[in-house]
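For reference, the structure discussed in these notes is given below.
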Amino acid sequence: KTNHSVNADHSSKSNSSSNAAHTLKAPYALTAELTHRCPLHCAYCSNPLELQKRENELGTADWLRVLDEAAELGVAHVHFTGGEPLLRQDLEQLVRRARELGLFVNMITSGVGLTRERVRRLAEAGVDSMQLSVQASDGELSDRIAGIKSHELKRRAAEWIKAEGIPLQANAVLHRHNLHQVEEIIDLCVSWGAERLELANVQYYGWAFANREYLLPSLEQLQAAEAAYMRSKARLGGVIELIWIVPDYYAEYPKPCMGGWASISFTVTPDGRALPCTAAAGIETLRFDSVKERSLGWIWQESEAFTAFRGEDWMPEPCRSCDRRHQDFGGCRCQAYLLTGDARNADPVCALSPDHWRLADFVASRGASARSRAAGGENDPAITAEGDRDPPV
Ligand code: SF4
Ligand code: FES
């Protein structure tokens, strides 16, 4: 079902503007953000603070062209996401075109708004897998985190997806308010029939960055949760694939974000901007070209934003002379920008970064306050208080 290797040559060329020795490969995956509209109000949403309104969304014809160009470029895997992609009435049409092009089609949904009939139509259109978001293991906490009553709707959505024979995946974003439920969340997803579960410790971009004071767990919470994950993995080996996404605020070295800038995948936003990663729109010093004006091939190969941090020539110290640069690519550009104001800097997660104190001070103060609240039995502030988000629904 993949045409990745077949079409890979379309984009094989030297990227002279960034690093002459760097050979450009075809992108593997496209994240198609069909809309920012969403019925949920999760405080950790990675969408940008400025959400695109419905009238700015790409139309059906534009999305069909984007899919054609993606396949031509060598993309093998498309994730239809949002916001909530179910809010797009042309979703089935887009799924069908992607499958006709030989792409593997995954759909990421909250499950809210799904009906038995819609699942049937999506299956007919050829969706290959559906990924359901899970907020907590019980309805009360789950609905509080989502900001609306949705847990029961998710349970029914899982039932219909399974009944239609579509492989079910789940994703749970983990933070201070649900980390104590890791084992129960895993068991819940097993009972719903999920084949794979991403336990994604929250990454602080977009709304999650704005709300990070409310979301950051203590180190003790994280260690207990990781032990619970390890126990479940040993207990459930083979029943469900469990993925633990590391909480980088507590790490010594940064994650190899996106497998390197504009190296494996890219995102198209609801209004048509192509980004090297979902959070990149936050980097205000870069210009992101639109699929309305440029072809995906040109954007991938030539555009300023995509070539800005490819290879290693752009790296300042300490990354430039660090042996780990081939492993982690200097960490995350979006995090470097958010925390230092310059996307070229080493990711401040890195203990070798001169800006590491910016993150370490925050973690020390917030981690300690999470501990003292837990010890004193004091209630946490409401999950969506102060930093509440109010996307256009
Ligand atoms: Fe990675 Fe740069 Fe830190 Fe080295 S100095 S570990 S390359 S972020
Ligand atoms: Fe954008 Fe890491 S999230 S480079």
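Labeling convention for the structure tokens: chains A, B, ... as they appear, residues from 1 per chain, ligands from 1 in order of appearance.
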**Report entry** Test item: residues no farther than 9 Å from ligand 1, counting only C-alpha atoms and all ligand atoms, as an NGL selection string
**Finding:** :A and (252-256 or 315-332 or 345-353)
Report task. Compute the set of protein, DNA and RNA residues whose minimum atom distance to ligand 2 is at most 10 Å, using only C-alpha atoms and all ligand atoms, and state it as a PyMOL selection string. Result -> chain A and resi 46+203-206+254-262+275-283+309+329-337+343+347
Would you output that residue set with C-alpha atoms, as a compact mmCIF listing (two decimals), in the first residue's frame?
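Heads up, here's the output in result-v6.txt:
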```txt
# COMPACT_ATOMS: atom_id res chain seq x y z
CA SER A 46 -0.95 21.54 20.80
CA GLN A 203 4.79 18.34 25.21
CA TYR A 204 4.68 22.05 25.95
CA TYR A 205 3.65 23.85 22.76
CA GLY A 206 0.58 25.90 21.86
CA PRO A 254 16.63 16.71 24.27
CA LYS A 255 14.53 14.46 22.08
CA PRO A 256 15.51 14.11 18.39
CA CYS A 257 12.44 16.17 17.55
CA MET A 258 10.65 15.16 14.32
CA GLY A 259 13.66 12.95 13.50
CA GLY A 260 15.35 16.18 12.41
CA TRP A 261 13.78 19.35 11.00
CA ALA A 262 11.82 18.76 7.76
CA LEU A 275 4.92 23.42 8.39
CA PRO A 276 7.90 21.17 9.16
CA CYS A 277 6.09 20.20 12.37
CA THR A 278 2.72 20.84 13.95
CA ALA A 279 4.04 23.41 16.41
CA ALA A 280 6.23 25.35 13.97
CA ALA A 281 3.65 28.10 13.32
CA GLY A 282 4.74 29.51 16.68
CA ILE A 283 8.18 30.41 15.24
CA PHE A 309 17.43 23.84 9.94
CA PHE A 329 19.89 17.31 15.90
CA GLY A 330 20.18 19.89 18.67
CA GLY A 331 16.70 19.00 19.97
CA CYS A 332 13.51 20.85 19.17
CA ARG A 333 13.50 24.11 17.17
CA CYS A 334 10.05 25.07 18.44
CA GLN A 335 11.09 24.64 22.06
CA ALA A 336 14.31 26.59 21.47
CA TYR A 337 12.23 29.45 20.04
CA ALA A 343 15.03 28.84 17.00
CA ASP A 347 17.00 23.09 22.92
```
Would you kindly return, as an mmCIF file with N, CA and C atoms, in the first residue's frame, each protein, DNA or RNA residue with an atom no farther than 6 Å from any atom of Ala194 of chain A, considering only C-alpha atoms and excluding same-chain residues fewer than 3 positions away?
```cif
data_model
loop_
_atom_site.group_PDB
_atom_site.id
_atom_site.type_symbol
_atom_site.label_atom_id
_atom_site.label_comp_id
_atom_site.auth_asym_id
_atom_site.auth_seq_id
_atom_site.Cartn_x
_atom_site.Cartn_y
_atom_site.Cartn_z
ATOM 1 N N LEU A 168 -8.219 -0.070 15.857
ATOM 2 C CA LEU A 168 -8.392 1.041 16.798
ATOM 3 C C LEU A 168 -7.077 1.320 17.523
ATOM 4 N N GLN A 169 -6.686 2.594 17.524
ATOM 5 C CA GLN A 169 -5.540 3.030 18.311
ATOM 6 C C GLN A 169 -6.044 4.062 19.311
ATOM 7 N N CYS A 189 -8.216 1.016 27.697
ATOM 8 C CA CYS A 189 -7.989 0.906 26.249
ATOM 9 C C CYS A 189 -7.983 -0.559 25.807
ATOM 10 N N VAL A 190 -7.463 -1.446 26.655
ATOM 11 C CA VAL A 190 -7.521 -2.884 26.338
ATOM 12 C C VAL A 190 -8.981 -3.318 26.276
#
```
Requested in this report: Might you pull out every residue within 10 Å of segment 87-102 of chain A, with only C-alpha atoms counted and same-chain residues fewer than 3 positions away left off, and present them as an MDAnalysis selection string?
Outcome: chainID A and resid 1:4 34:39 54 59:61 63:68 70:72 75:80 82:84 105:107 112:114 118:119 121:128 393
Report task. From the DSSP assignment of the backbone, select every residue of segment 47-264 of chain A that is helix (DSSP H, G or I), and format the answer as a ChimeraX atom specification. Result -> /A:54-56,60-73,85-87,91-100,116-125,139-146,151-163,179-192,206-210,212-215,219-236,248-250,257-259
Query raised in the report: Per DSSP on the backbone, what are the strand (DSSP E) residues of segment 87-180 of chain A, as a PyMOL selection string?
Result: chain A and resi 104-109+129-134+168-174
Selection from above, N, CA and C atoms, as a JSON list (two decimals), in the first residue's frame, can you write it?
```json
[["chain", "number", "residue", "atom", "x", "y", "z"],
["A", 104, "PHE", "N", -1.56, 5.18, 3.20],
["A", 104, "PHE", "CA", -2.14, 4.59, 4.41],
["A", 104, "PHE", "C", -2.85, 5.72, 5.14],
["A", 105, "VAL", "N", -4.14, 5.52, 5.46],
["A", 105, "VAL", "CA", -4.95, 6.61, 6.01],
["A", 105, "VAL", "C", -5.29, 6.36, 7.47],
["A", 106, "ASN", "N", -4.78, 7.23, 8.32],
["A", 106, "ASN", "CA", -5.13, 7.20, 9.74],
["A", 106, "ASN", "C", -5.96, 8.43, 10.04],
["A", 107, "MET", "N", -6.94, 8.26, 10.93],
["A", 107, "MET", "CA", -7.77, 9.40, 11.32],
["A", 107, "MET", "C", -7.70, 9.58, 12.82],
["A", 108, "ILE", "N", -7.45, 10.80, 13.26],
["A", 108, "ILE", "CA", -7.30, 11.08, 14.69],
["A", 108, "ILE", "C", -8.54, 11.84, 15.14],
["A", 109, "THR", "N", -9.25, 11.30, 16.12],
["A", 109, "THR", "CA", -10.54, 11.88, 16.50],
["A", 109, "THR", "C", -10.76, 11.82, 18.00],
["A", 129, "SER", "N", -7.02, 3.10, 9.77],
["A", 129, "SER", "CA", -7.01, 3.00, 11.23],
["A", 129, "SER", "C", -7.59, 4.28, 11.80],
["A", 130, "MET", "N", -8.13, 4.16, 13.02],
["A", 130, "MET", "CA", -8.66, 5.35, 13.69],
["A", 130, "MET", "C", -8.03, 5.44, 15.08],
["A", 131, "GLN", "N", -7.62, 6.65, 15.41],
["A", 131, "GLN", "CA", -6.97, 6.87, 16.71],
["A", 131, "GLN", "C", -7.89, 7.75, 17.57],
["A", 132, "LEU", "N", -8.25, 7.21, 18.72],
["A", 132, "LEU", "CA", -9.20, 7.88, 19.60],
["A", 132, "LEU", "C", -8.43, 8.51, 20.76],
["A", 133, "SER", "N", -8.76, 9.76, 21.08],
["A", 133, "SER", "CA", -8.10, 10.38, 22.24],
["A", 133, "SER", "C", -8.80, 9.94, 23.53],
["A", 134, "VAL", "N", -7.98, 9.72, 24.56],
["A", 134, "VAL", "CA", -8.50, 9.28, 25.86],
["A", 134, "VAL", "C", -7.97, 10.26, 26.90],
["A", 168, "LEU", "N", -8.22, -0.07, 15.86],
["A", 168, "LEU", "CA", -8.39, 1.04, 16.80],
["A", 168, "LEU", "C", -7.08, 1.32, 17.52],
["A", 169, "GLN", "N", -6.69, 2.59, 17.52],
["A", 169, "GLN", "CA", -5.54, 3.03, 18.31],
["A", 169, "GLN", "C", -6.04, 4.06, 19.31],
["A", 170, "ALA", "N", -5.26, 4.30, 20.35],
["A", 170, "ALA", "CA", -5.66, 5.32, 21.33],
["A", 170, "ALA", "C", -4.46, 6.17, 21.67],
["A", 171, "ASN", "N", -4.77, 7.38, 22.11],
["A", 171, "ASN", "CA", -3.71, 8.30, 22.53],
["A", 171, "ASN", "C", -4.17, 9.00, 23.80],
["A", 172, "ALA", "N", -3.35, 8.90, 24.85],
["A", 172, "ALA", "CA", -3.68, 9.59, 26.09],
["A", 172, "ALA", "C", -2.57, 10.58, 26.41],
["A", 173, "VAL", "N", -2.90, 11.85, 26.46],
["A", 173, "VAL", "CA", -1.91, 12.85, 26.86],
["A", 173, "VAL", "C", -1.84, 12.84, 28.39],
["A", 174, "LEU", "N", -0.63, 12.67, 28.91],
["A", 174, "LEU", "CA", -0.45, 12.52, 30.36],
["A", 174, "LEU", "C", 0.10, 13.82, 30.96]]
```
Requested in this report: Would you list the contacts of Ala274 of chain A as a ChimeraX atom specification, taking every protein, DNA or RNA residue within 9 Å and counting only C-alpha atoms, but skipping same-chain residues closer than 6 positions in sequence?
Outcome: /A:266-268,288-291,296,299-300,306
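Restricting the calculation to only C-alpha atoms, the smallest distance between Pro217 of chain A and any of A:Thr31, A:Ser303, A:Gln135, A:Asn201 is found for A:Asn201.
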